[in-house]
Each structure stands twice: as structure tokens, then as C-alpha cells.
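Source file: final.pdb; contents: PDB, C-alpha atoms.
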ATOM      1  CA  MET A   1       0.000   0.000   0.000  1.00  0.00           C
ATOM      2  CA  LYS A   2       1.384   3.395  -1.000  1.00  0.00           C
ATOM      3  CA  THR A   3       2.246   5.741   1.875  1.00  0.00           C
ATOM      4  CA  THR A   4       0.962   9.300   1.451  1.00  0.00           C
ATOM      5  CA  LEU A   5       1.041  12.516   3.467  1.00  0.00           C
ATOM      6  CA  ASN A   6      -1.874  14.925   3.560  1.00  0.00           C
ATOM      7  CA  LYS A   7      -1.567  18.704   3.732  1.00  0.00           C
ATOM      8  CA  LYS A   8      -1.922  18.820   7.514  1.00  0.00           C
ATOM      9  CA  GLU A   9       0.762  16.167   8.033  1.00  0.00           C
ATOM     10  CA  ILE A  10       3.156  18.068   5.794  1.00  0.00           C
ATOM     11  CA  GLU A  11       2.607  21.160   7.957  1.00  0.00           C
ATOM     12  CA  VAL A  12       2.981  19.231  11.241  1.00  0.00           C
ATOM     13  CA  PHE A  13       6.307  17.696  10.160  1.00  0.00           C
ATOM     14  CA  SER A  14       7.507  20.645   8.071  1.00  0.00           C
ATOM     15  CA  ARG A  15      10.565  21.293  10.258  1.00  0.00           C
ATOM     16  CA  GLN A  16      11.705  17.722   9.639  1.00  0.00           C
ATOM     17  CA  ILE A  17      10.782  17.649   5.984  1.00  0.00           C
ATOM     18  CA  ILE A  18      12.955  20.678   5.163  1.00  0.00           C
ATOM     19  CA  LEU A  19      16.019  18.724   6.305  1.00  0.00           C
ATOM     20  CA  LYS A  20      17.877  17.539   3.205  1.00  0.00           C
ATOM     21  CA  LYS A  21      18.443  14.124   4.763  1.00  0.00           C
ATOM     22  CA  VAL A  22      14.721  13.697   5.462  1.00  0.00           C
ATOM     23  CA  GLY A  23      12.473  15.402   2.896  1.00  0.00           C
ATOM     24  CA  LEU A  24       9.063  14.085   1.853  1.00  0.00           C
ATOM     25  CA  LEU A  25      10.493  10.668   0.995  1.00  0.00           C
ATOM     26  CA  GLY A  26      12.062  10.345   4.441  1.00  0.00           C
ATOM     27  CA  GLN A  27       8.864  11.434   6.164  1.00  0.00           C
ATOM     28  CA  LYS A  28       6.996   8.737   4.258  1.00  0.00           C
ATOM     29  CA  LYS A  29       9.574   6.189   5.445  1.00  0.00           C
ATOM     30  CA  ILE A  30       8.924   7.267   9.049  1.00  0.00           C
ATOM     31  CA  LYS A  31       5.165   6.958   8.539  1.00  0.00           C
ATOM     32  CA  LYS A  32       5.583   3.495   7.032  1.00  0.00           C
ATOM     33  CA  ALA A  33       7.805   2.182   9.858  1.00  0.00           C
ATOM     34  CA  LYS A  34       6.602  -0.204  12.557  1.00  0.00           C
ATOM     35  CA  VAL A  35       8.372   0.017  15.925  1.00  0.00           C
ATOM     36  CA  LEU A  36       7.937  -2.194  18.995  1.00  0.00           C
ATOM     37  CA  ILE A  37       8.911  -0.731  22.389  1.00  0.00           C
ATOM     38  CA  ILE A  38       9.409  -3.195  25.229  1.00  0.00           C
ATOM     39  CA  GLY A  39       9.194  -1.444  28.594  1.00  0.00           C
ATOM     40  CA  VAL A  40       7.239   1.805  28.974  1.00  0.00           C
ATOM     41  CA  GLY A  41       9.253   3.318  31.808  1.00  0.00           C
ATOM     42  CA  GLY A  42      12.097   5.801  32.107  1.00  0.00           C
ATOM     43  CA  LEU A  43      13.444   4.857  28.657  1.00  0.00           C
ATOM     44  CA  GLY A  44      10.295   3.759  26.850  1.00  0.00           C
ATOM     45  CA  CYS A  45       8.364   6.953  27.614  1.00  0.00           C
ATOM     46  CA  PRO A  46      10.720   9.395  25.817  1.00  0.00           C
ATOM     47  CA  VAL A  47      11.283   6.888  23.001  1.00  0.00           C
ATOM     48  CA  ALA A  48       7.542   6.575  22.405  1.00  0.00           C
ATOM     49  CA  GLU A  49       6.934  10.303  22.664  1.00  0.00           C
ATOM     50  CA  PHE A  50       9.643  11.356  20.216  1.00  0.00           C
ATOM     51  CA  LEU A  51       8.804   8.630  17.702  1.00  0.00           C
ATOM     52  CA  VAL A  52       5.151   9.676  17.746  1.00  0.00           C
ATOM     53  CA  ARG A  53       6.126  13.338  17.432  1.00  0.00           C
ATOM     54  CA  ALA A  54       8.311  12.372  14.470  1.00  0.00           C
ATOM     55  CA  GLY A  55       5.326  10.777  12.721  1.00  0.00           C
ATOM     56  CA  ILE A  56       5.947   7.064  13.192  1.00  0.00           C
ATOM     57  CA  GLY A  57       3.263   5.020  11.471  1.00  0.00           C
ATOM     58  CA  VAL A  58       2.792   2.049  13.798  1.00  0.00           C
ATOM     59  CA  LEU A  59       3.894   1.808  17.422  1.00  0.00           C
ATOM     60  CA  GLY A  60       3.566  -1.202  19.686  1.00  0.00           C
ATOM     61  CA  MET A  61       4.141  -0.910  23.443  1.00  0.00           C
ATOM     62  CA  VAL A  62       4.676  -3.834  25.820  1.00  0.00           C
ATOM     63  CA  ASP A  63       4.494  -3.517  29.622  1.00  0.00           C
ATOM     64  CA  ASP A  64       2.446  -5.264  32.316  1.00  0.00           C
ATOM     65  CA  ASP A  65       3.116  -2.710  35.041  1.00  0.00           C
ATOM     66  CA  THR A  66       0.987   0.022  36.594  1.00  0.00           C
ATOM     67  CA  ILE A  67       2.104   3.542  37.468  1.00  0.00           C
ATOM     68  CA  ASN A  68       3.288   4.182  41.003  1.00  0.00           C
ATOM     69  CA  LEU A  69       4.466   7.284  42.799  1.00  0.00           C
ATOM     70  CA  SER A  70       8.178   6.554  42.384  1.00  0.00           C
ATOM     71  CA  ASN A  71       7.794   6.452  38.569  1.00  0.00           C
ATOM     72  CA  ILE A  72       6.738  10.059  38.163  1.00  0.00           C
ATOM     73  CA  HIS A  73      10.174  11.694  38.458  1.00  0.00           C
ATOM     74  CA  ARG A  74      11.559   9.985  35.354  1.00  0.00           C
ATOM     75  CA  GLN A  75       8.709   8.476  33.299  1.00  0.00           C
ATOM     76  CA  SER A  76       7.797  11.504  31.259  1.00  0.00           C
ATOM     77  CA  LEU A  77       4.378  10.450  29.918  1.00  0.00           C
ATOM     78  CA  PHE A  78       2.848  10.103  33.391  1.00  0.00           C
ATOM     79  CA  ASN A  79       1.709  12.452  36.146  1.00  0.00           C
ATOM     80  CA  ILE A  80       0.271  12.263  39.648  1.00  0.00           C
ATOM     81  CA  LYS A  81      -3.267  11.705  38.325  1.00  0.00           C
ATOM     82  CA  ASP A  82      -2.183   8.492  36.589  1.00  0.00           C
ATOM     83  CA  LEU A  83      -1.355   6.460  39.705  1.00  0.00           C
ATOM     84  CA  ASN A  84      -2.376   2.767  39.553  1.00  0.00           C
ATOM     85  CA  LYS A  85      -3.289   2.985  35.863  1.00  0.00           C
ATOM     86  CA  SER A  86      -1.880   0.635  33.240  1.00  0.00           C
ATOM     87  CA  LYS A  87       1.312   2.111  31.792  1.00  0.00           C
ATOM     88  CA  VAL A  88       0.614   1.074  28.209  1.00  0.00           C
ATOM     89  CA  ASN A  89      -2.994   2.291  28.237  1.00  0.00           C
ATOM     90  CA  CYS A  90      -2.126   5.583  29.892  1.00  0.00           C
ATOM     91  CA  ALA A  91       0.770   6.144  27.484  1.00  0.00           C
ATOM     92  CA  LYS A  92      -1.463   5.432  24.493  1.00  0.00           C
ATOM     93  CA  ASN A  93      -4.002   8.033  25.630  1.00  0.00           C
ATOM     94  CA  LYS A  94      -1.279  10.673  26.009  1.00  0.00           C
ATOM     95  CA  LEU A  95       0.404   9.817  22.695  1.00  0.00           C
ATOM     96  CA  LYS A  96      -2.858   9.892  20.740  1.00  0.00           C
ATOM     97  CA  LYS A  97      -3.246  13.533  21.761  1.00  0.00           C
ATOM     98  CA  ILE A  98       0.161  14.270  20.254  1.00  0.00           C
ATOM     99  CA  ASN A  99      -0.333  12.465  16.939  1.00  0.00           C
ATOM    100  CA  PRO A 100      -3.714  10.823  16.278  1.00  0.00           C
ATOM    101  CA  LYS A 101      -2.402   9.441  12.975  1.00  0.00           C
ATOM    102  CA  THR A 102      -0.012   6.989  14.635  1.00  0.00           C
ATOM    103  CA  LYS A 103      -1.547   3.537  15.005  1.00  0.00           C
ATOM    104  CA  ILE A 104      -0.792   2.453  18.560  1.00  0.00           C
ATOM    105  CA  TYR A 105      -1.113  -1.111  19.812  1.00  0.00           C
ATOM    106  CA  THR A 106      -0.761  -1.931  23.498  1.00  0.00           C
ATOM    107  CA  TYR A 107       0.213  -5.235  25.070  1.00  0.00           C
ATOM    108  CA  ASN A 108      -0.446  -5.339  28.805  1.00  0.00           C
ATOM    109  CA  LEU A 109       1.808  -8.297  29.446  1.00  0.00           C
ATOM    110  CA  ARG A 110       5.286  -9.312  30.504  1.00  0.00           C
ATOM    111  CA  ILE A 111       7.340 -10.323  27.513  1.00  0.00           C
ATOM    112  CA  ARG A 112       7.997 -14.063  27.372  1.00  0.00           C
ATOM    113  CA  LYS A 113       9.277 -16.337  24.640  1.00  0.00           C
ATOM    114  CA  ASN A 114       5.814 -17.798  24.040  1.00  0.00           C
ATOM    115  CA  ASN A 115       4.166 -14.396  23.482  1.00  0.00           C
ATOM    116  CA  ALA A 116       7.105 -12.492  22.009  1.00  0.00           C
ATOM    117  CA  ILE A 117       7.532 -14.480  18.791  1.00  0.00           C
ATOM    118  CA  LYS A 118       4.203 -13.330  17.355  1.00  0.00           C
ATOM    119  CA  LEU A 119       4.911  -9.717  18.342  1.00  0.00           C
ATOM    120  CA  PHE A 120       8.371  -9.648  16.801  1.00  0.00           C
ATOM    121  CA  LYS A 121       7.025 -10.800  13.453  1.00  0.00           C
ATOM    122  CA  MET A 122       4.723  -7.767  13.306  1.00  0.00           C
ATOM    123  CA  TYR A 123       7.381  -5.036  13.646  1.00  0.00           C
ATOM    124  CA  ASP A 124      10.488  -3.898  11.747  1.00  0.00           C
ATOM    125  CA  PHE A 125      12.360  -2.203  14.601  1.00  0.00           C
ATOM    126  CA  VAL A 126      12.618  -3.090  18.286  1.00  0.00           C
ATOM    127  CA  VAL A 127      13.457  -0.804  21.212  1.00  0.00           C
ATOM    128  CA  ASP A 128      14.571  -2.361  24.487  1.00  0.00           C
ATOM    129  CA  GLY A 129      13.607  -0.227  27.470  1.00  0.00           C
ATOM    130  CA  SER A 130      13.515  -3.129  29.925  1.00  0.00           C
ATOM    131  CA  ASP A 131      15.187  -3.149  33.335  1.00  0.00           C
ATOM    132  CA  ASN A 132      16.465  -6.714  33.755  1.00  0.00           C
ATOM    133  CA  PHE A 133      18.925  -8.916  31.906  1.00  0.00           C
ATOM    134  CA  GLU A 134      16.608 -11.895  31.497  1.00  0.00           C
ATOM    135  CA  THR A 135      14.314  -9.752  29.350  1.00  0.00           C
ATOM    136  CA  LYS A 136      17.214  -8.061  27.555  1.00  0.00           C
ATOM    137  CA  PHE A 137      18.725 -11.398  26.533  1.00  0.00           C
ATOM    138  CA  LEU A 138      15.334 -12.640  25.325  1.00  0.00           C
ATOM    139  CA  ILE A 139      14.843  -9.492  23.238  1.00  0.00           C
ATOM    140  CA  ASN A 140      18.368  -9.847  21.902  1.00  0.00           C
ATOM    141  CA  ASP A 141      17.919 -13.517  20.971  1.00  0.00           C
ATOM    142  CA  LEU A 142      14.604 -12.963  19.188  1.00  0.00           C
ATOM    143  CA  SER A 143      15.986  -9.942  17.343  1.00  0.00           C
ATOM    144  CA  VAL A 144      18.832 -12.132  16.099  1.00  0.00           C
ATOM    145  CA  LYS A 145      16.439 -14.919  15.111  1.00  0.00           C
ATOM    146  CA  PHE A 146      14.052 -12.675  13.183  1.00  0.00           C
ATOM    147  CA  LYS A 147      16.769 -10.338  11.833  1.00  0.00           C
ATOM    148  CA  LYS A 148      15.390  -7.193  13.462  1.00  0.00           C
ATOM    149  CA  ARG A 149      17.081  -3.867  14.030  1.00  0.00           C
ATOM    150  CA  LEU A 150      17.363  -3.379  17.775  1.00  0.00           C
ATOM    151  CA  VAL A 151      18.203  -0.326  19.867  1.00  0.00           C
ATOM    152  CA  LEU A 152      18.896  -1.154  23.493  1.00  0.00           C
ATOM    153  CA  GLY A 153      19.232   1.246  26.417  1.00  0.00           C
ATOM    154  CA  ALA A 154      20.356   0.820  30.013  1.00  0.00           C
ATOM    155  CA  ILE A 155      20.542   3.351  32.858  1.00  0.00           C
ATOM    156  CA  SER A 156      21.774   3.495  36.435  1.00  0.00           C
ATOM    157  CA  LYS A 157      22.629   6.383  38.779  1.00  0.00           C
ATOM    158  CA  PHE A 158      24.148   9.049  36.468  1.00  0.00           C
ATOM    159  CA  ASP A 159      25.178   6.647  33.717  1.00  0.00           C
ATOM    160  CA  GLY A 160      23.662   5.411  30.486  1.00  0.00           C
ATOM    161  CA  HIS A 161      24.456   2.899  27.751  1.00  0.00           C
ATOM    162  CA  VAL A 162      23.059   2.722  24.227  1.00  0.00           C
ATOM    163  CA  PHE A 163      23.581  -0.257  21.903  1.00  0.00           C
ATOM    164  CA  THR A 164      22.443  -0.528  18.287  1.00  0.00           C
ATOM    165  CA  TYR A 165      22.246  -3.845  16.450  1.00  0.00           C
ATOM    166  CA  ASP A 166      21.311  -4.390  12.812  1.00  0.00           C
ATOM    167  CA  PHE A 167      20.806  -8.132  12.593  1.00  0.00           C
ATOM    168  CA  LEU A 168      20.149  -7.940   8.868  1.00  0.00           C
ATOM    169  CA  ASP A 169      23.954  -7.765   8.783  1.00  0.00           C
ATOM    170  CA  LYS A 170      25.418 -11.182   9.642  1.00  0.00           C
ATOM    171  CA  LYS A 171      28.627  -9.563  10.880  1.00  0.00           C
ATOM    172  CA  THR A 172      26.837  -7.736  13.686  1.00  0.00           C
ATOM    173  CA  PRO A 173      27.735  -8.852  17.242  1.00  0.00           C
ATOM    174  CA  CYS A 174      24.949  -9.100  19.815  1.00  0.00           C
ATOM    175  CA  LEU A 175      24.363  -8.362  23.490  1.00  0.00           C
ATOM    176  CA  ARG A 176      25.753 -11.757  24.472  1.00  0.00           C
ATOM    177  CA  CYS A 177      29.053 -10.796  22.836  1.00  0.00           C
ATOM    178  CA  PHE A 178      29.333  -7.930  25.340  1.00  0.00           C
ATOM    179  CA  PHE A 179      27.766  -9.391  28.497  1.00  0.00           C
ATOM    180  CA  GLN A 180      28.330 -12.895  29.804  1.00  0.00           C
ATOM    181  CA  GLU A 181      25.334 -14.066  31.821  1.00  0.00           C
ATOM    182  CA  ASP A 182      27.363 -15.579  34.647  1.00  0.00           C
ATOM    183  CA  LYS A 183      29.137 -12.260  35.298  1.00  0.00           C
ATOM    184  CA  ILE A 184      26.222  -9.847  35.515  1.00  0.00           C
ATOM    185  CA  SER A 185      23.589  -8.889  38.052  1.00  0.00           C
ATOM    186  CA  ASP A 186      20.229  -7.163  37.677  1.00  0.00           C
ATOM    187  CA  ASP A 187      21.384  -4.784  40.436  1.00  0.00           C
ATOM    188  CA  MET A 188      23.260  -2.986  37.641  1.00  0.00           C
ATOM    189  CA  LEU A 189      19.866  -1.926  36.201  1.00  0.00           C
ATOM    190  CA  ASN A 190      17.846  -1.643  39.395  1.00  0.00           C
ATOM    191  CA  CYS A 191      16.697   1.928  39.995  1.00  0.00           C
ATOM    192  CA  GLU A 192      15.156   0.938  43.327  1.00  0.00           C
ATOM    193  CA  ASN A 193      18.489  -0.187  44.760  1.00  0.00           C
ATOM    194  CA  GLU A 194      20.987   1.896  42.764  1.00  0.00           C
ATOM    195  CA  GLY A 195      18.948   5.072  42.164  1.00  0.00           C
ATOM    196  CA  ILE A 196      18.634   7.121  38.983  1.00  0.00           C
ATOM    197  CA  LEU A 197      18.616  10.840  38.171  1.00  0.00           C
ATOM    198  CA  GLY A 198      15.404  11.400  36.224  1.00  0.00           C
ATOM    199  CA  SER A 199      17.023  13.419  33.446  1.00  0.00           C
ATOM    200  CA  VAL A 200      19.412  10.534  32.668  1.00  0.00           C
ATOM    201  CA  SER A 201      16.392   8.492  31.569  1.00  0.00           C
ATOM    202  CA  GLY A 202      15.306  11.289  29.248  1.00  0.00           C
ATOM    203  CA  VAL A 203      18.733  11.668  27.660  1.00  0.00           C
ATOM    204  CA  VAL A 204      19.224   7.948  26.989  1.00  0.00           C
ATOM    205  CA  GLY A 205      15.631   7.393  25.820  1.00  0.00           C
ATOM    206  CA  THR A 206      15.892  10.331  23.432  1.00  0.00           C
ATOM    207  CA  LEU A 207      19.135   8.923  22.031  1.00  0.00           C
ATOM    208  CA  GLN A 208      17.380   5.593  21.449  1.00  0.00           C
ATOM    209  CA  ALA A 209      14.601   7.358  19.530  1.00  0.00           C
ATOM    210  CA  ASN A 210      17.224   9.215  17.512  1.00  0.00           C
ATOM    211  CA  GLU A 211      18.991   5.952  16.614  1.00  0.00           C
ATOM    212  CA  ILE A 212      15.711   4.380  15.464  1.00  0.00           C
ATOM    213  CA  LEU A 213      14.868   7.371  13.267  1.00  0.00           C
ATOM    214  CA  LYS A 214      18.347   7.302  11.694  1.00  0.00           C
ATOM    215  CA  GLN A 215      17.942   3.609  10.921  1.00  0.00           C
ATOM    216  CA  ILE A 216      14.507   4.175   9.393  1.00  0.00           C
ATOM    217  CA  LEU A 217      15.890   6.980   7.227  1.00  0.00           C
ATOM    218  CA  GLY A 218      19.186   5.242   6.481  1.00  0.00           C
ATOM    219  CA  ILE A 219      21.222   8.320   7.379  1.00  0.00           C
ATOM    220  CA  GLY A 220      24.274   9.200   9.441  1.00  0.00           C
ATOM    221  CA  LYS A 221      26.539   6.969  11.470  1.00  0.00           C
ATOM    222  CA  ASN A 222      24.931   4.532  13.844  1.00  0.00           C
ATOM    223  CA  LEU A 223      26.181   2.448  16.753  1.00  0.00           C
ATOM    224  CA  ASN A 224      25.889  -0.895  14.994  1.00  0.00           C
ATOM    225  CA  GLY A 225      28.367  -3.201  16.717  1.00  0.00           C
ATOM    226  CA  GLN A 226      29.286  -0.514  19.249  1.00  0.00           C
ATOM    227  CA  ILE A 227      28.213   0.763  22.644  1.00  0.00           C
ATOM    228  CA  LEU A 228      27.834   4.425  23.570  1.00  0.00           C
ATOM    229  CA  ILE A 229      28.757   4.954  27.229  1.00  0.00           C
ATOM    230  CA  LEU A 230      27.519   8.126  28.910  1.00  0.00           C
ATOM    231  CA  ASP A 231      28.747   9.483  32.237  1.00  0.00           C
ATOM    232  CA  LEU A 232      26.284  12.352  32.640  1.00  0.00           C
ATOM    233  CA  LEU A 233      27.639  13.371  36.037  1.00  0.00           C
ATOM    234  CA  ASN A 234      31.010  14.346  34.557  1.00  0.00           C
ATOM    235  CA  LEU A 235      29.874  14.760  30.926  1.00  0.00           C
ATOM    236  CA  ASN A 236      32.153  12.039  29.598  1.00  0.00           C
ATOM    237  CA  PHE A 237      31.031  10.183  26.472  1.00  0.00           C
ATOM    238  CA  ARG A 238      32.816   7.396  24.681  1.00  0.00           C
ATOM    239  CA  LYS A 239      32.153   4.646  22.164  1.00  0.00           C
ATOM    240  CA  SER A 240      33.531   1.153  22.380  1.00  0.00           C
ATOM    241  CA  ILE A 241      33.562  -1.527  19.676  1.00  0.00           C
ATOM    242  CA  ILE A 242      31.932  -4.843  20.552  1.00  0.00           C
ATOM    243  CA  LYS A 243      33.811  -7.824  19.156  1.00  0.00           C
ATOM    244  CA  LYS A 244      31.814 -10.791  17.907  1.00  0.00           C
ATOM    245  CA  ARG A 245      32.404 -13.826  20.113  1.00  0.00           C
ATOM    246  CA  LYS A 246      33.042 -17.226  18.599  1.00  0.00           C
ATOM    247  CA  LYS A 247      30.196 -19.721  19.079  1.00  0.00           C
ATOM    248  CA  CYS A 248      27.759 -16.909  20.028  1.00  0.00           C
ATOM    249  CA  ILE A 249      24.159 -17.227  18.791  1.00  0.00           C
ATOM    250  CA  CYS A 250      24.668 -14.235  16.520  1.00  0.00           C
TER     251      CYS A 250
END
For this file, write the structure as C-alpha cells.
Amino acid sequence: MKTTLNKKEIEVFSRQIILKKVGLLGQKKIKKAKVLIIGVGGLGCPVAEFLVRAGIGVLGMVDDDTINLSNIHRQSLFNIKDLNKSKVNCAKNKLKKINPKTKIYTYNLRIRKNNAIKLFKMYDFVVDGSDNFETKFLINDLSVKFKKRLVLGAISKFDGHVFTYDFLDKKTPCLRCFFQEDKISDDMLNCENEGILGSVSGVVGTLQANEILKQILGIGKNLNGQILILDLLNLNFRKSIIKKRKKCIC
């Protein structure tokens, strides 16, 4: 089906369309794209918001959690009136007010292998905003299996990490090439125990959205096979190359 933009859409996205690397063709690519976000928290909220503001065509959001008081300081789609509501349903209502044209599908569930396979087949791009390694490895493994383009984020204290994987490229390493399961702990991602400055979530989530948009448009340099490490307390940023491990699933 041919993707078109009406007069109102052209006006709404005019500041993007005038960019030489975007244009009308690029805006149509954004509208045609299908993105799945897993985890609608400190990372997933800014990712969802900026993708919808950019004009993404189809957005899926997965999360089985409800909003509590400690979420408000960093989960930018929610406010004090949203307590005890479903995160995905509340987020959808807010996002629809930003861009009614985006088709939004919500999945009020915890991602598991038995329910994830069907979801992964429906989307072109995957964003990992989860907060535990069991989920991150599952997302990684399914992205490898179904050759998805994955943007993964992780945050703790004043620090952030962004990974980009294009599994259409067989040379791309995966998360298991960087982390070995027997040497990691979920405490590394646990905001309850480790703490998190709210703005760190916004910075890393926005970078994830930016990486997805670049992949959709096919522009610029991306982090494929690399990790971006952010120390936002001291404003130190560096990139590190991830080497592909022998006998890894990727």
C-alpha cells in the first residue's frame, strides 16, 4: 500500500521535511515504519513520545506494570493523576493527543518467549527499554532470530548505555558478545536499589529514539556493533567496539 502525506501532516512535520536528509520521501519512510517498544518506563516513555512526534506510522508498546508514585520523576508520559493505571494504556491516551495518525497497539503483558515471537514478526524495529537482563537477553535472541534492528538502552545512577544492532547484517555482534550471563547482576539496572537521576532516563531514551529514526531513514553513522557509554555526572562520552564472540548465537 502506497504511503501518502496529507496537507496537515506536511505542515505538522515541516521542520523535519525541510532537512535535506529527510524530505518528503524520508517522512513517508517514518510513517511506514513499525516500531515495537518493550518497557514503557524511564526509557520507553521518551522513546515513544519522540517517535510519535516524528510521525511514526505504527507503534507497539509492551508492559504489564501500573504507574506508582516513584515512577513520576523519570517516566515523562505520566503524572500524579495516573497512579495505579496501566502504563501502556495511559501512554497510548497521552500519545494519541500528540499524533492521532499513529496507530498504537498496546500489550499489557510481561514479555515471554511464548508471546514475544508473534509480536516480533509484526514489527520492523525493536526498542529495548527493559530493566532486567533476562528480558534483555530474550529481546536480543529474538531480534537475532528474526533479523530485526534493535536499539537497546540501560541506565543506572548518572550513567547510560546505548547499543544498536542491525541483525540484517550477519557480521553484527549481539548483546551476548558484550555481556556474559554468569558475570552480571540485575542490580546494575535496578533503579530501586541503585537510584537514577530522572534526566538521565530522558537523555538515553531520546538517544534511542534518535537511533531508530536514523535507521529508518538510512542516514548518518549509527552504533551498529558498538556501545555508547555516557557518564552524565562528569559529561564524559565514549564509544567502544563490541567484538563478535566465537560460538555466540549471533
Starting from the PyMOL selection byres ((chain A and resi 215-218) around 12), expand the selection into actual residues of this file and give them as a PyMOL selection string. chain A and resi 16-17+19-35+51+54-57+124-126+148-151+164-166+168+208-214+219-224
Env of Lys247 (chain A): 12 Å cut, atoms = only C-alpha atoms, seq-sep filter 4 positions within chain, self excluded. Answer as a PyMOL selection string. chain A and resi 173-174+176-177
Could you dump the residues just selected with C-alpha atoms as a compact mmCIF listing (two decimals), in the coordinates of the input?
# COMPACT_ATOMS: atom_id res chain seq x y z
CA PRO A 173 27.74 -8.85 17.24
CA CYS A 174 24.95 -9.10 19.82
CA ARG A 176 25.75 -11.76 24.47
CA CYS A 177 29.05 -10.80 22.84
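Every protein, DNA or RNA residue with an atom at most 12 Å from Asp65 (chain A), where all atoms listed in the file count and chain neighbours fewer than 5 positions away do not, is listed here: Ile38, Gly39, Val40, Gly41, Asn71, Leu83, Asn84, Lys85, Ser86, Lys87, Val88, Asn89, Cys90, Ala91, Tyr107, Asn108, Leu109, Arg110, Ile111 and Ser130 of chain A.
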Name the residues in contact with Ile229 (chain A) at a cut-off of 12 Å, using all atoms listed in the file, excluding same-chain residues fewer than 3 positions from it; report them as a list of chain:residue names.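 Counting only the stated atoms, we get A:Gly153, A:Ala154, A:Ile155, A:Ser156, A:Phe158, A:Asp159, A:Gly160, A:His161, A:Val162, A:Phe163, A:Val204, A:Leu207, A:Leu223, A:Gln226, A:Leu232, A:Leu235, A:Asn236, A:Phe237, A:Arg238, A:Lys239, A:Ser240, A:Ile241.
Counting from CA of Ile139 (chain A), the distance to CA of Ile37 (chain A) is 10.6 Å.
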Any chance you could model N, CA and C atoms for region 32-52 of chain A and send them as an mmCIF file, in the frame of the given file?
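This is the output file rebuild.cif:
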data_model
loop_
_atom_site.group_PDB
_atom_site.id
_atom_site.type_symbol
_atom_site.label_atom_id
_atom_site.label_comp_id
_atom_site.auth_asym_id
_atom_site.auth_seq_id
_atom_site.Cartn_x
_atom_site.Cartn_y
_atom_site.Cartn_z
ATOM 1 N N LYS A 32 5.740 4.902 7.406
ATOM 2 C CA LYS A 32 5.583 3.495 7.032
ATOM 3 C C LYS A 32 6.162 2.538 8.074
ATOM 4 N N ALA A 33 7.064 3.038 8.927
ATOM 5 C CA ALA A 33 7.805 2.182 9.858
ATOM 6 C C ALA A 33 6.928 1.657 10.987
ATOM 7 N N LYS A 34 7.289 0.448 11.447
ATOM 8 C CA LYS A 34 6.602 -0.204 12.557
ATOM 9 C C LYS A 34 7.620 -0.487 13.657
ATOM 10 N N VAL A 35 7.408 0.111 14.823
ATOM 11 C CA VAL A 35 8.372 0.017 15.925
ATOM 12 C C VAL A 35 7.714 -0.595 17.153
ATOM 13 N N LEU A 36 8.399 -1.567 17.760
ATOM 14 C CA LEU A 36 7.937 -2.194 18.995
ATOM 15 C C LEU A 36 8.816 -1.727 20.146
ATOM 16 N N ILE A 37 8.193 -1.162 21.186
ATOM 17 C CA ILE A 37 8.911 -0.731 22.389
ATOM 18 C C ILE A 37 8.577 -1.696 23.521
ATOM 19 N N ILE A 38 9.605 -2.268 24.115
ATOM 20 C CA ILE A 38 9.409 -3.195 25.229
ATOM 21 C C ILE A 38 9.877 -2.511 26.510
ATOM 22 N N GLY A 39 8.914 -2.188 27.365
ATOM 23 C CA GLY A 39 9.194 -1.444 28.594
ATOM 24 C C GLY A 39 8.804 0.009 28.433
ATOM 25 N N VAL A 40 7.707 0.415 29.091
ATOM 26 C CA VAL A 40 7.239 1.805 28.974
ATOM 27 C C VAL A 40 7.514 2.505 30.300
ATOM 28 N N GLY A 41 8.819 2.679 30.572
ATOM 29 C CA GLY A 41 9.253 3.318 31.808
ATOM 30 C C GLY A 41 10.112 4.525 31.516
ATOM 31 N N GLY A 42 11.221 4.636 32.259
ATOM 32 C CA GLY A 42 12.097 5.801 32.107
ATOM 33 C C GLY A 42 12.676 5.934 30.714
ATOM 34 N N LEU A 43 12.928 4.828 30.030
ATOM 35 C CA LEU A 43 13.444 4.857 28.657
ATOM 36 C C LEU A 43 12.317 4.828 27.631
ATOM 37 N N GLY A 44 11.359 3.931 27.828
ATOM 38 C CA GLY A 44 10.295 3.759 26.850
ATOM 39 C C GLY A 44 9.430 4.980 26.659
ATOM 40 N N CYS A 45 9.211 5.755 27.729
ATOM 41 C CA CYS A 45 8.364 6.953 27.614
ATOM 42 C C CYS A 45 8.935 7.978 26.632
ATOM 43 N N PRO A 46 10.191 8.434 26.789
ATOM 44 C CA PRO A 46 10.720 9.395 25.817
ATOM 45 C C PRO A 46 10.877 8.799 24.419
ATOM 46 N N VAL A 47 11.195 7.508 24.323
ATOM 47 C CA VAL A 47 11.283 6.888 23.001
ATOM 48 C C VAL A 47 9.935 6.979 22.298
ATOM 49 N N ALA A 48 8.881 6.553 22.990
ATOM 50 C CA ALA A 48 7.542 6.575 22.405
ATOM 51 C C ALA A 48 7.123 7.987 22.028
ATOM 52 N N GLU A 49 7.361 8.925 22.926
ATOM 53 C CA GLU A 49 6.934 10.303 22.664
ATOM 54 C C GLU A 49 7.623 10.886 21.436
ATOM 55 N N PHE A 50 8.938 10.732 21.333
ATOM 56 C CA PHE A 50 9.643 11.356 20.216
ATOM 57 C C PHE A 50 9.406 10.629 18.898
ATOM 58 N N LEU A 51 9.151 9.333 18.945
ATOM 59 C CA LEU A 51 8.804 8.630 17.702
ATOM 60 C C LEU A 51 7.427 9.071 17.209
ATOM 61 N N VAL A 52 6.483 9.216 18.123
ATOM 62 C CA VAL A 52 5.151 9.676 17.746
ATOM 63 C C VAL A 52 5.204 11.111 17.242
#
